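S.K.: One file: model_24.txt (compact mmCIF, C-alpha atoms).
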# COMPACT_ATOMS: atom_id res chain seq x y z
CA MET A 1 187.22 93.42 78.60
CA ARG A 2 186.25 97.04 79.16
CA ARG A 3 188.95 99.62 79.58
CA ASN A 4 188.59 102.33 82.21
CA LYS A 5 184.83 102.58 82.31
CA LEU A 6 184.77 106.11 83.58
CA PHE A 7 185.96 107.45 80.25
CA SER A 8 183.96 105.28 77.89
CA LEU A 9 180.66 107.02 77.56
CA ARG A 10 177.89 104.68 76.53
CA ASP A 11 174.23 105.57 76.64
CA LYS A 12 172.09 103.99 73.97
CA LYS A 13 168.94 105.87 74.87
CA LEU A 14 170.66 109.22 74.68
CA ALA A 15 172.24 108.27 71.34
CA GLU A 16 168.82 107.35 69.95
CA GLU A 17 167.40 110.61 71.20
CA ILE A 18 170.10 112.64 69.43
CA VAL A 19 169.50 110.73 66.18
CA SER A 20 165.74 111.19 66.32
CA LYS A 21 166.14 114.91 66.99
CA ILE A 22 168.43 115.31 63.98
CA LYS A 23 166.03 113.23 61.88
CA GLU A 24 163.16 115.61 62.61
CA LEU A 25 165.03 118.38 60.82
CA ASP A 26 165.01 118.59 57.06
CA ILE A 27 168.72 119.07 56.44
CA ASN A 28 171.40 118.25 53.92
CA HIS A 29 174.79 119.02 55.44
CA LYS A 30 178.34 117.98 54.70
CA PHE A 31 180.78 117.83 57.62
CA MET A 32 184.48 117.03 57.47
CA HIS A 33 186.59 115.51 60.20
CA VAL A 34 190.34 114.96 60.06
CA CYS A 35 191.05 111.96 62.24
CA GLY A 36 191.44 108.26 61.59
CA THR A 37 190.05 107.41 65.02
CA HIS A 38 186.90 109.43 64.26
CA GLN A 39 186.52 107.56 60.97
CA ASP A 40 187.00 104.26 62.78
CA THR A 41 184.21 105.09 65.26
CA LEU A 42 181.90 106.27 62.46
CA VAL A 43 182.33 103.21 60.25
CA LYS A 44 182.66 100.55 62.96
CA ASN A 45 179.38 101.61 64.57
CA GLY A 46 177.55 102.30 61.32
CA LEU A 47 177.15 105.96 62.28
CA ASP A 48 178.18 107.14 58.83
CA SER A 49 175.19 105.49 57.14
CA LEU A 50 172.87 106.31 60.05
CA LEU A 51 173.75 110.01 59.83
CA LYS A 52 173.41 109.94 56.06
CA GLN A 53 169.79 108.89 56.54
CA CYS A 54 169.41 111.97 58.74
CA GLY A 55 170.80 114.27 56.04
CA ILE A 56 174.39 114.48 57.28
CA THR A 57 177.32 113.31 55.16
CA ILE A 58 180.58 113.04 57.06
CA ILE A 59 183.86 112.73 55.22
CA GLN A 60 187.41 112.21 56.37
CA GLY A 61 189.68 114.88 54.99
CA PRO A 62 193.48 114.84 55.26
CA GLY A 63 193.27 113.36 58.75
CA CYS A 64 195.70 110.49 58.64
CA PRO A 65 199.35 111.36 59.25
CA VAL A 66 200.66 108.34 57.37
CA CYS A 67 198.39 109.07 54.38
CA VAL A 68 199.45 112.70 53.98
CA THR A 69 203.16 111.89 54.16
CA THR A 70 204.47 112.58 50.65
CA PRO A 71 206.10 110.21 48.16
CA LYS A 72 209.27 112.32 48.51
CA GLU A 73 209.45 111.71 52.27
CA ILE A 74 209.06 107.96 51.69
CA GLU A 75 211.93 108.06 49.16
CA GLU A 76 214.08 110.03 51.63
CA MET A 77 213.62 107.34 54.25
CA LEU A 78 214.27 104.54 51.75
CA LEU A 79 217.49 106.22 50.63
CA ILE A 80 218.68 106.65 54.22
CA ALA A 81 217.93 102.97 54.91
CA ARG A 82 219.78 101.91 51.76
CA SER A 83 222.85 103.86 52.91
CA GLY A 84 223.20 101.45 55.82
CA LYS A 85 221.56 103.35 58.68
CA ILE A 86 219.08 101.74 61.05
CA VAL A 87 215.73 103.31 60.20
CA THR A 88 212.75 103.23 62.53
CA SER A 89 209.13 104.34 62.38
CA PHE A 90 205.56 103.50 63.31
CA GLY A 91 204.19 100.23 61.93
CA ASP A 92 201.85 101.87 59.44
CA MET A 93 204.71 103.72 57.76
CA MET A 94 206.42 100.46 56.82
CA ASN A 95 203.98 99.38 54.12
CA VAL A 96 203.46 102.69 52.35
CA PRO A 97 204.63 102.11 48.79
CA GLY A 98 207.31 104.40 47.41
CA GLU A 99 208.02 104.58 43.68
CA LYS A 100 209.29 101.01 43.58
CA GLU A 101 209.67 99.85 47.16
CA SER A 102 208.43 100.23 50.70
CA LEU A 103 210.39 100.17 53.96
CA ARG A 104 209.09 96.67 54.52
CA SER A 105 210.19 95.42 51.12
CA ILE A 106 213.75 96.71 51.52
CA LYS A 107 213.86 95.13 54.97
CA ALA A 108 213.39 91.83 53.15
CA ASP A 109 216.44 92.80 51.07
CA GLY A 110 218.46 92.89 54.29
CA PHE A 111 218.38 96.58 55.18
CA ASP A 112 217.90 97.43 58.85
CA VAL A 113 214.32 98.70 59.16
CA ARG A 114 212.60 98.48 62.54
CA THR A 115 209.05 99.15 63.71
CA VAL A 116 208.72 101.06 66.97
CA TYR A 117 205.76 101.97 69.18
CA GLY A 118 207.12 105.45 69.82
CA ILE A 119 210.23 107.60 69.52
CA GLU A 120 211.62 106.47 72.89
CA ASP A 121 212.02 102.94 71.49
CA ALA A 122 214.04 104.40 68.60
CA VAL A 123 216.34 106.25 71.02
CA LYS A 124 216.83 103.00 72.92
CA ILE A 125 217.96 101.32 69.70
CA ALA A 126 220.46 104.18 69.21
CA GLU A 127 221.78 103.73 72.76
CA GLU A 128 222.23 100.02 72.19
CA ASN A 129 223.93 100.47 68.80
CA LYS A 130 226.47 103.23 69.42
CA ASP A 131 228.51 102.19 66.37
CA LYS A 132 225.57 102.75 64.04
CA GLU A 133 223.42 105.67 62.97
CA VAL A 134 219.73 105.45 63.87
CA VAL A 135 217.05 107.54 62.16
CA PHE A 136 213.43 107.87 63.30
CA MET A 137 210.83 108.87 60.72
CA ALA A 138 208.83 111.33 62.79
CA VAL A 139 205.31 111.43 61.35
CA GLY A 140 202.18 112.64 63.08
CA PHE A 141 200.17 115.73 63.86
CA GLU A 142 200.21 117.87 67.00
CA THR A 143 199.31 114.79 69.07
CA THR A 144 202.61 113.10 68.24
CA ALA A 145 204.96 116.06 67.69
CA PRO A 146 205.36 116.78 71.45
CA THR A 147 206.70 113.23 71.98
CA THR A 148 209.43 113.99 69.43
CA ALA A 149 210.08 117.41 70.98
CA SER A 150 210.36 115.93 74.47
CA VAL A 151 212.95 113.39 73.35
CA ILE A 152 215.06 115.98 71.47
CA LEU A 153 214.96 118.27 74.53
CA ASP A 154 216.37 115.37 76.55
CA LYS A 155 219.48 115.30 74.32
CA PRO A 156 219.42 111.82 72.76
CA PRO A 157 222.77 110.26 71.69
CA ASP A 158 224.66 111.78 68.72
CA ASN A 159 224.05 108.72 66.56
CA PHE A 160 220.30 109.48 66.66
CA SER A 161 218.42 111.78 64.30
CA ILE A 162 214.91 112.32 62.96
CA LEU A 163 213.45 112.72 59.50
CA CYS A 164 210.87 115.29 60.53
CA CYS A 165 207.51 114.83 58.79
CA HIS A 166 205.30 116.39 61.47
CA ARG A 167 202.35 118.40 60.22
CA THR A 168 199.82 120.67 61.87
CA ILE A 169 196.06 120.69 61.31
CA PRO A 170 194.57 124.24 61.41
CA ASN A 171 196.18 125.60 58.23
CA ALA A 172 195.42 122.39 56.35
CA LEU A 173 191.74 123.02 57.11
CA LYS A 174 192.16 126.56 55.87
CA ALA A 175 193.69 125.16 52.66
CA ILE A 176 190.71 122.83 52.15
CA ILE A 177 188.30 125.74 52.51
CA GLU A 178 190.38 128.10 50.36
CA MET A 179 190.78 125.57 47.55
CA GLY A 180 187.00 125.67 47.20
CA GLU A 181 186.67 122.20 45.66
CA ILE A 182 184.24 121.08 48.33
CA LYS A 183 181.49 122.94 50.15
CA LEU A 184 181.53 122.14 53.86
CA ASN A 185 178.86 123.10 56.39
CA GLY A 186 180.87 122.22 59.46
CA LEU A 187 184.16 120.86 60.78
CA ILE A 188 184.65 118.17 63.42
CA GLU A 189 188.03 118.83 65.00
CA PRO A 190 190.26 115.98 66.16
CA GLY A 191 190.08 115.38 69.90
CA HIS A 192 193.64 114.31 70.49
CA VAL A 193 195.25 117.00 68.34
CA SER A 194 193.07 119.43 70.29
CA ALA A 195 194.19 117.91 73.62
CA ILE A 196 197.56 119.47 72.78
CA ILE A 197 196.67 122.69 70.94
CA GLY A 198 193.32 123.44 72.63
CA SER A 199 190.28 124.83 70.85
CA LYS A 200 191.57 128.35 70.22
CA PRO A 201 193.75 127.70 67.13
CA TYR A 202 190.60 126.84 65.12
CA GLU A 203 188.78 130.08 65.95
CA PHE A 204 190.11 131.99 62.92
CA LEU A 205 188.36 129.52 60.63
CA SER A 206 184.92 130.28 62.08
CA LYS A 207 185.67 133.99 62.06
CA ASP A 208 187.12 134.21 58.55
CA TYR A 209 184.94 131.64 56.79
CA ARG A 210 181.78 131.53 58.96
CA ILE A 211 182.12 127.79 59.41
CA PRO A 212 180.73 126.03 62.54
CA GLN A 213 183.23 123.79 64.35
CA VAL A 214 183.14 121.27 67.15
CA VAL A 215 185.99 119.55 68.97
CA ALA A 216 184.78 115.99 69.49
CA GLY A 217 185.79 112.84 71.34
CA PHE A 218 185.85 109.29 70.04
CA GLU A 219 182.88 107.47 71.52
CA PRO A 220 179.84 107.10 69.22
CA ILE A 221 177.94 109.48 71.49
CA ASP A 222 180.70 112.09 71.19
CA LEU A 223 180.34 112.15 67.41
CA LEU A 224 176.54 112.17 67.51
CA MET A 225 176.58 115.02 70.02
CA GLY A 226 179.21 116.81 67.91
CA CYS A 227 176.93 116.58 64.87
CA TRP A 228 173.99 117.84 66.95
CA MET A 229 176.07 120.85 68.08
CA LEU A 230 177.02 121.67 64.49
CA VAL A 231 173.41 121.30 63.33
CA LYS A 232 172.25 123.70 66.07
CA GLN A 233 174.89 126.27 65.11
CA ILE A 234 173.73 126.11 61.49
CA GLU A 235 170.06 126.39 62.55
CA ASN A 236 170.90 129.46 64.65
CA ASN A 237 173.08 130.93 61.90
CA GLU A 238 176.10 130.87 64.20
CA ALA A 239 179.72 129.91 63.58
CA PHE A 240 182.10 129.28 66.44
CA VAL A 241 184.27 126.56 68.00
CA GLU A 242 182.31 124.40 70.43
CA ASN A 243 184.02 121.89 72.70
CA GLU A 244 182.17 118.62 73.10
CA TYR A 245 185.24 116.84 74.53
CA LYS A 246 185.71 118.84 77.72
CA ARG A 247 186.78 115.81 79.71
CA VAL A 248 190.05 115.95 77.77
CA VAL A 249 190.36 119.20 75.83
CA HIS A 250 190.95 122.59 77.46
CA GLU A 251 190.63 125.89 75.65
CA ASN A 252 194.39 126.42 75.86
CA GLY A 253 195.34 122.78 75.37
CA ASN A 254 198.31 121.19 77.10
CA VAL A 255 200.40 124.25 77.94
CA LYS A 256 203.45 122.23 78.98
CA ALA A 257 203.48 120.25 75.72
CA LYS A 258 203.00 123.42 73.65
CA LYS A 259 205.94 125.04 75.42
CA ILE A 260 208.22 122.10 74.59
CA LEU A 261 206.99 122.16 70.97
CA ASN A 262 207.94 125.83 70.70
CA ILE A 263 211.41 125.23 72.12
CA ILE A 264 212.25 122.51 69.59
CA PHE A 265 210.27 123.27 66.43
CA GLU A 266 209.43 126.15 64.15
CA ASN A 267 206.61 126.29 61.61
CA CYS A 268 207.34 125.66 57.97
CA ASP A 269 205.52 125.39 54.65
CA VAL A 270 205.11 121.79 53.59
CA LYS A 271 203.47 119.71 50.89
CA TRP A 272 200.77 117.22 51.92
CA ARG A 273 199.94 114.24 49.74
CA GLY A 274 197.18 115.29 47.35
CA PHE A 275 197.74 118.98 48.13
CA PRO A 276 200.09 121.69 46.98
CA ILE A 277 202.46 123.23 49.55
CA ILE A 278 200.35 124.44 52.49
CA PRO A 279 201.81 127.51 54.24
CA ASN A 280 202.64 127.04 57.92
CA SER A 281 201.35 123.49 58.10
CA GLY A 282 204.57 121.69 59.02
CA LEU A 283 207.12 121.60 61.79
CA LYS A 284 210.89 121.59 61.41
CA LEU A 285 213.67 121.43 63.98
CA LYS A 286 215.08 124.81 64.96
CA SER A 287 218.68 125.30 63.79
CA LYS A 288 219.92 124.90 67.37
CA TYR A 289 218.92 121.22 67.10
CA LYS A 290 220.22 120.62 63.57
CA LYS A 291 222.51 117.81 64.70
CA TYR A 292 219.34 115.74 65.13
CA ASP A 293 217.98 116.72 61.70
CA ALA A 294 218.49 113.79 59.33
CA ARG A 295 217.92 116.09 56.31
CA LYS A 296 220.95 118.18 57.37
CA LYS A 297 223.03 115.26 58.65
CA TYR A 298 222.57 113.26 55.45
CA GLU A 299 222.34 116.12 52.97
CA ASP A 300 224.83 114.35 50.66
CA ILE A 301 222.87 111.11 50.62
CA LEU A 302 219.58 112.92 50.00
CA ALA A 303 221.01 115.30 47.35
CA GLU A 304 219.84 113.08 44.48
CA LEU A 305 216.19 113.67 45.44
CA LYS A 306 216.51 117.44 45.46
CA ASN A 307 214.93 118.43 42.14
CA LYS A 308 213.18 115.17 41.42
CA GLU A 309 209.46 115.09 40.67
CA PHE A 310 207.48 112.40 42.46
CA LYS A 311 204.40 110.80 41.05
CA GLU A 312 201.53 109.19 42.92
CA PRO A 313 201.18 105.43 42.33
CA LYS A 314 199.47 104.70 38.99
CA GLY A 315 195.67 104.87 39.23
CA CYS A 316 195.79 105.77 42.93
CA ARG A 317 193.16 108.31 43.99
CA CYS A 318 194.36 108.89 47.56
CA GLY A 319 194.95 112.57 46.75
CA GLU A 320 191.30 113.19 45.86
CA LEU A 321 190.19 111.11 48.84
CA LEU A 322 192.32 113.20 51.22
CA ARG A 323 190.78 116.38 49.80
CA GLY A 324 187.34 114.94 50.55
CA LEU A 325 186.29 114.77 46.90
CA ILE A 326 185.65 111.02 46.65
CA THR A 327 184.95 108.03 48.90
CA PRO A 328 186.96 104.78 48.78
CA PHE A 329 184.11 103.24 46.76
CA ASP A 330 184.70 105.77 43.96
CA CYS A 331 188.21 104.42 43.40
CA PRO A 332 188.30 101.61 40.83
CA LEU A 333 191.27 100.02 42.61
CA PHE A 334 189.50 99.77 46.01
CA GLY A 335 189.22 96.17 47.19
CA LYS A 336 190.37 94.88 43.80
CA THR A 337 194.00 95.59 43.03
CA CYS A 338 194.32 97.64 46.24
CA THR A 339 193.86 95.76 49.53
CA PRO A 340 195.54 95.98 52.96
CA ASP A 341 197.75 93.01 52.02
CA ASN A 342 198.71 94.59 48.74
CA PRO A 343 198.10 98.33 49.06
CA VAL A 344 198.56 100.71 46.15
CA GLY A 345 198.15 103.92 48.13
CA PRO A 346 198.66 104.96 51.76
CA CYS A 347 194.92 105.26 52.57
CA MET A 348 194.71 101.47 52.23
CA VAL A 349 197.88 100.94 54.29
CA SER A 350 197.20 102.93 57.41
CA ILE A 351 194.64 101.76 59.94
CA GLU A 352 193.68 105.43 60.06
CA GLY A 353 193.15 105.65 56.31
CA SER A 354 189.58 105.72 54.92
CA CYS A 355 190.17 102.84 52.51
CA ASN A 356 191.68 100.56 55.14
CA ILE A 357 188.82 101.33 57.55
CA GLU A 358 186.11 100.69 54.93
CA TYR A 359 187.83 97.47 53.86
CA ARG A 360 188.21 96.26 57.44
CA TYR A 361 184.58 96.77 58.44
CA ALA A 362 183.02 95.69 55.13
CA ASP A 363 180.37 93.00 55.52
CA MET B 1 192.42 97.84 70.98
CA TYR B 2 196.20 98.07 71.50
CA ARG B 3 197.32 98.98 68.01
CA PRO B 4 201.02 99.73 67.83
CA GLY B 5 200.79 100.87 64.21
CA SER B 6 198.47 103.73 64.92
CA VAL B 7 199.74 107.30 64.87
CA CYS B 8 196.84 109.21 66.40
CA LEU B 9 195.15 106.78 68.72
CA ALA B 10 195.33 107.59 72.43
CA ILE B 11 194.18 105.35 75.27
CA PRO B 12 193.09 106.33 78.80
CA GLY B 13 194.83 104.73 81.76
CA LYS B 14 195.46 105.28 85.46
CA ILE B 15 198.84 106.16 86.94
CA VAL B 16 199.79 103.57 89.55
CA GLU B 17 203.51 104.21 89.99
CA ILE B 18 205.88 107.07 89.18
CA ASP B 19 209.62 106.79 88.60
CA LYS B 20 211.10 110.16 87.53
CA ASP B 21 209.99 110.84 83.93
CA HIS B 22 208.13 107.56 83.57
CA ALA B 23 205.02 106.11 85.13
CA THR B 24 203.35 102.73 85.16
CA ILE B 25 199.92 103.03 83.60
CA ASP B 26 197.09 100.62 84.37
CA TYR B 27 194.74 100.36 81.41
CA GLY B 28 192.07 98.64 83.44
CA ASP B 29 192.01 95.42 81.44
CA GLY B 30 194.97 93.76 83.08
CA THR B 31 197.46 95.60 80.88
CA LYS B 32 200.12 97.71 82.57
CA ARG B 33 202.78 99.55 80.61
CA LYS B 34 205.31 102.29 81.23
CA ALA B 35 204.79 105.70 79.67
CA ASN B 36 206.76 108.92 79.63
CA ILE B 37 205.06 111.63 81.72
CA SER B 38 207.27 114.62 80.90
CA LEU B 39 204.49 116.36 78.94
CA VAL B 40 202.06 116.42 81.89
CA ASP B 41 201.98 117.27 85.60
CA VAL B 42 200.56 114.20 87.31
CA LYS B 43 200.34 112.26 90.54
CA ILE B 44 199.50 108.67 91.38
CA GLY B 45 195.79 108.00 90.84
CA ASP B 46 195.41 110.49 87.96
CA TYR B 47 193.94 109.31 84.69
CA VAL B 48 195.94 110.18 81.58
CA LEU B 49 195.61 109.76 77.84
CA VAL B 50 198.54 107.79 76.43
CA HIS B 51 199.79 108.15 72.86
CA ALA B 52 202.94 106.64 71.33
CA GLY B 53 204.40 105.92 74.76
CA PHE B 54 203.71 109.37 76.22
CA ALA B 55 200.95 110.65 78.50
CA ILE B 56 199.69 113.61 76.47
CA GLU B 57 196.95 114.97 78.75
CA VAL B 58 195.37 114.49 82.16
CA LEU B 59 191.72 113.41 82.03
CA ASN B 60 189.19 115.39 83.95
CA GLU B 61 187.24 112.91 86.07
CA LYS B 62 184.57 115.41 87.08
CA GLU B 63 183.92 116.42 83.46
CA ALA B 64 183.77 112.75 82.48
CA GLN B 65 181.19 112.00 85.15
CA GLU B 66 179.10 114.99 84.16
CA THR B 67 179.37 114.71 80.38
CA LEU B 68 176.29 112.56 79.83
CA ASP B 69 174.19 114.72 82.16
CA ILE B 70 175.28 117.84 80.33
CA PHE B 71 174.34 116.21 77.01
CA ARG B 72 170.92 115.26 78.38
CA GLN B 73 170.36 118.79 79.60
CA MET B 74 171.37 120.24 76.25
CA LEU B 75 168.87 118.02 74.46
CA SER B 76 165.96 118.66 76.82
CA TYR B 77 166.70 122.38 76.90
CA GLU B 78 165.87 122.43 73.20
CA GLU B 79 162.34 121.28 73.94
CA GLU B 80 161.53 123.99 76.46
Please express the file's structure as C-alpha cells.
M.R.:
Amino acid sequence: MRRNKLFSLRDKKLAEEIVSKIKELDINHKFMHVCGTHQDTLVKNGLDSLLKQCGITIIQGPGCPVCVTTPKEIEEMLLIARSGKIVTSFGDMMNVPGEKESLRSIKADGFDVRTVYGIEDAVKIAEENKDKEVVFMAVGFETTAPTTASVILDKPPDNFSILCCHRTIPNALKAIIEMGEIKLNGLIEPGHVSAIIGSKPYEFLSKDYRIPQVVAGFEPIDLLMGCWMLVKQIENNEAFVENEYKRVVHENGNVKAKKILNIIFENCDVKWRGFPIIPNSGLKLKSKYKKYDARKKYEDILAELKNKEFKEPKGCRCGELLRGLITPFDCPLFGKTCTPDNPVGPCMVSIEGSCNIEYRYAD
Amino acid sequence: MYRPGSVCLAIPGKIVEIDKDHATIDYGDGTKRKANISLVDVKIGDYVLVHAGFAIEVLNEKEAQETLDIFRQMLSYEEE
C-alpha cells in the first residue's frame, strides 16, 4: 500500500529523460553520498548500475551511523551491560560484533539488553525500573541527535544515562577530501541530516575544495536529479551547494532542533571506524548534563578500556569501504564468511551498511 | 517499510491528533503511531517527517506539489 502519495515523487518519463540527458554527455565522474537510505534507493532500483553506464560511479562513504561506531564504543556498551545495567539501543546496534561478543550474544548469556525504536522507549524502561540503571547507546548523525537532546532537556529519571556516540557529517566529509585517498567530483548530501542542519554547513567544502554538492531526497527521481545537478555544475565549472530536496530541507535547517542540540551538546573530536580521529565530528554532553553521561557515571567500570588498543575483526575491510576505497564485492569475506546472519563487520550488520544492502538486493 | 532497526530512515505522515508533546501520526497505509513533536511547530493536518519516534521536520506541501514541475522546467531549460 502506498504511503502518503503527495511526498512520493514518481515520474518514469521524467526519470528516463534525466538518464538520457546524462548519457549524451561523455563523462566519467565519481560522486560520494553518506546515507544508508540513499544507498538503499540506488541499489534497490538498480540506479547504481544504470548511472555507471552513464559514466557516473556513486559510492557510499561513512554514511551509516552503526557502521562508523568504533570497536571501543561497542566494548564500552558490552562492559556496561556485563556490570548488570539494562542497556538499550537501536536494533542494528545489537548484532555488531565486538572483539569476542555482541550485545545480542551477551543477551543470550542472560544480560539485560533491549532493542528500542527510539530514546523515548529507553526512558520508559528507566521509569518502569526505578531500582535499576538504564543506559541508552545513543548512535546516529544530526538526524537522530536532536531526539537525544530533546529527551535530556526534559530531565529523564536519575537512573537513566546515555553512552553518547553521536557524530556529525560535515567535518567527516572534509576528512575524506583532506585524506586524499579518493578523488571525488561531487558530494550528495544526506536529506535527513540536512533537514536538521540545513544546507549552509556544507558550503565551506565547496568554497575550500571547489567541490560541487547537492542535498538530495530519497526517491529514485531525487537521486537522478541530484546527479544531473552535479553534472551541470561540473560542466559549468561551478562548485556550490544546491538543494534538490526543498520540500523538506531549508537553508537554515530545523532551527528549533538546532537550538536544543546547542543547549545539550558540544562538539568534540572523535574517531570513526576506518578513520583516525576527526576534529569536531562528534557530539558530547555539556558538563551541566554530566549526570546523564554514562562515561562519567560509570568511569570506574570503563577504566579498563582506557588505554586499550582495539582491532578491527580479522579480515574485515569495513574501514576501507567506509572511506570509499572498495566496494563490498572487493572484500573476500562478502557473502561467504560474512553474511547478515553471521556478520563479521558492521557494514554487513546494519540495514544502512553497503554490504547488507548489496547482499539483500542480490539476484 | 517500517524498519525499527534503522538509524537514519525517516517516514512522512500526517498529524491527526495532538496531545501536549506528542501527536498521533497517520502514515496513510492504515498505520497510526504516536510521535514526539517537541522538535517542530505543528498543527493538525500538517505533514511531518518522523524519525526514531520524533517528528524532525514539517514537510512543505507546496514544494512537494511543485517539485516535479520544477524538475521538468530545469531539464527543458537546458534545451533552449
S.K.: Just the number, please: distance in Å from CA of Arg273 (chain A) to CA of Ile260 (chain A), one decimal.
M.R.: 27.3 Å
S.K.: So that I can see what lies close to Leu68 (chain B), please list as a list in words the residues with an atom at most 10 Å from it, counting all atoms listed in the file and leaving out residues fewer than 3 positions away in the same chain.
M.R.: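 Listed by chain and then number, they are Leu9, Arg10, Asp11, Leu14, Ile221 and Asp222 of chain A; Glu63, Ala64, Gln65, Phe71, Arg72, Gln73 and Met74 of chain B.
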S.K.: Given the choices A:Ile278, A:Leu153, A:Ile169, A:Ile351, which gets closest to chain B if the distance is worked out from only C-alpha atoms?
M.R.: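 Ranking A:Ile278, A:Leu153, A:Ile169, A:Ile351 by distance to chain B, first place goes to A:Ile351.
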S.K.: Could you give me, as a Markdown table, every chain A residue with an atom at most 8 Å from chain B, plus its closest atom pair and distance in Å to one decimal, counting only C-alpha atoms, rows ordered by chain then number?
M.R.:
| residue | atom | partner | partner_atom | distance |
| --- | --- | --- | --- | --- |
| A:Met1 | CA | B:Asp29 | CA | 5.9 |
| A:Arg2 | CA | B:Asp29 | CA | 6.4 |
| A:Arg3 | CA | B:Gly28 | CA | 5.1 |
| A:Asn4 | CA | B:Gly28 | CA | 5.2 |
| A:Leu6 | CA | B:Ala64 | CA | 6.8 |
| A:Phe7 | CA | B:Ala64 | CA | 6.2 |
| A:Leu9 | CA | B:Leu68 | CA | 7.4 |
| A:Asp11 | CA | B:Leu68 | CA | 8.0 |
| A:Leu14 | CA | B:Arg72 | CA | 7.1 |
| A:Ile18 | CA | B:Leu75 | CA | 7.5 |
| A:Cys35 | CA | B:Cys8 | CA | 7.6 |
| A:Gly36 | CA | B:Cys8 | CA | 7.3 |
| A:Thr37 | CA | B:Leu9 | CA | 6.3 |
| A:Cys64 | CA | B:Cys8 | CA | 7.9 |
| A:Pro65 | CA | B:Val7 | CA | 6.9 |
| A:Val66 | CA | B:Val7 | CA | 7.6 |
| A:Phe90 | CA | B:Gly5 | CA | 5.5 |
| A:Gly91 | CA | B:Gly5 | CA | 4.1 |
| A:Asp92 | CA | B:Gly5 | CA | 5.0 |
| A:Val116 | CA | B:Pro4 | CA | 7.9 |
| A:Tyr117 | CA | B:Pro4 | CA | 5.4 |
| A:Gly118 | CA | B:Ala52 | CA | 4.6 |
| A:Ile119 | CA | B:Ala52 | CA | 7.6 |
| A:Glu120 | CA | B:Gly53 | CA | 7.5 |
| A:Val139 | CA | B:Val7 | CA | 7.8 |
| A:Gly140 | CA | B:Val7 | CA | 6.1 |
| A:Phe141 | CA | B:Cys8 | CA | 7.7 |
| A:Thr143 | CA | B:Cys8 | CA | 6.7 |
| A:Thr144 | CA | B:Ala52 | CA | 7.2 |
| A:Pro146 | CA | B:Leu39 | CA | 7.6 |
| A:Thr147 | CA | B:Phe54 | CA | 6.5 |
| A:Ser150 | CA | B:Ser38 | CA | 7.3 |
| A:His192 | CA | B:Ala10 | CA | 7.2 |
| A:Ala195 | CA | B:Glu57 | CA | 6.5 |
| A:Ile196 | CA | B:Ile56 | CA | 7.2 |
| A:Met225 | CA | B:Phe71 | CA | 7.4 |
| A:Lys246 | CA | B:Glu63 | CA | 6.5 |
| A:Arg247 | CA | B:Glu63 | CA | 4.8 |
| A:Val248 | CA | B:Leu59 | CA | 5.2 |
| A:Asn254 | CA | B:Glu57 | CA | 6.6 |
| A:Lys256 | CA | B:Leu39 | CA | 6.0 |
| A:Ala257 | CA | B:Leu39 | CA | 5.1 |
| A:Ser350 | CA | B:Ser6 | CA | 7.7 |
| A:Ile351 | CA | B:Ser6 | CA | 6.6 |
| A:Glu352 | CA | B:Ser6 | CA | 7.0 |
S.K.: Please return as a compact mmCIF listing (two decimals) with C-alpha atoms, keeping the file's coordinate frame every residue within 10 Å of (201.9, 111.7, 90.4), taking into account all atoms listed in the file and the file's own coordinates.
M.R.:
# COMPACT_ATOMS: atom_id res chain seq x y z
CA ILE B 15 198.84 106.16 86.94
CA VAL B 16 199.79 103.57 89.55
CA GLU B 17 203.51 104.21 89.99
CA ILE B 18 205.88 107.07 89.18
CA ASP B 19 209.62 106.79 88.60
CA LYS B 20 211.10 110.16 87.53
CA ALA B 23 205.02 106.11 85.13
CA ILE B 37 205.06 111.63 81.72
CA VAL B 40 202.06 116.42 81.89
CA ASP B 41 201.98 117.27 85.60
CA VAL B 42 200.56 114.20 87.31
CA LYS B 43 200.34 112.26 90.54
CA ILE B 44 199.50 108.67 91.38
CA GLY B 45 195.79 108.00 90.84
CA ASP B 46 195.41 110.49 87.96
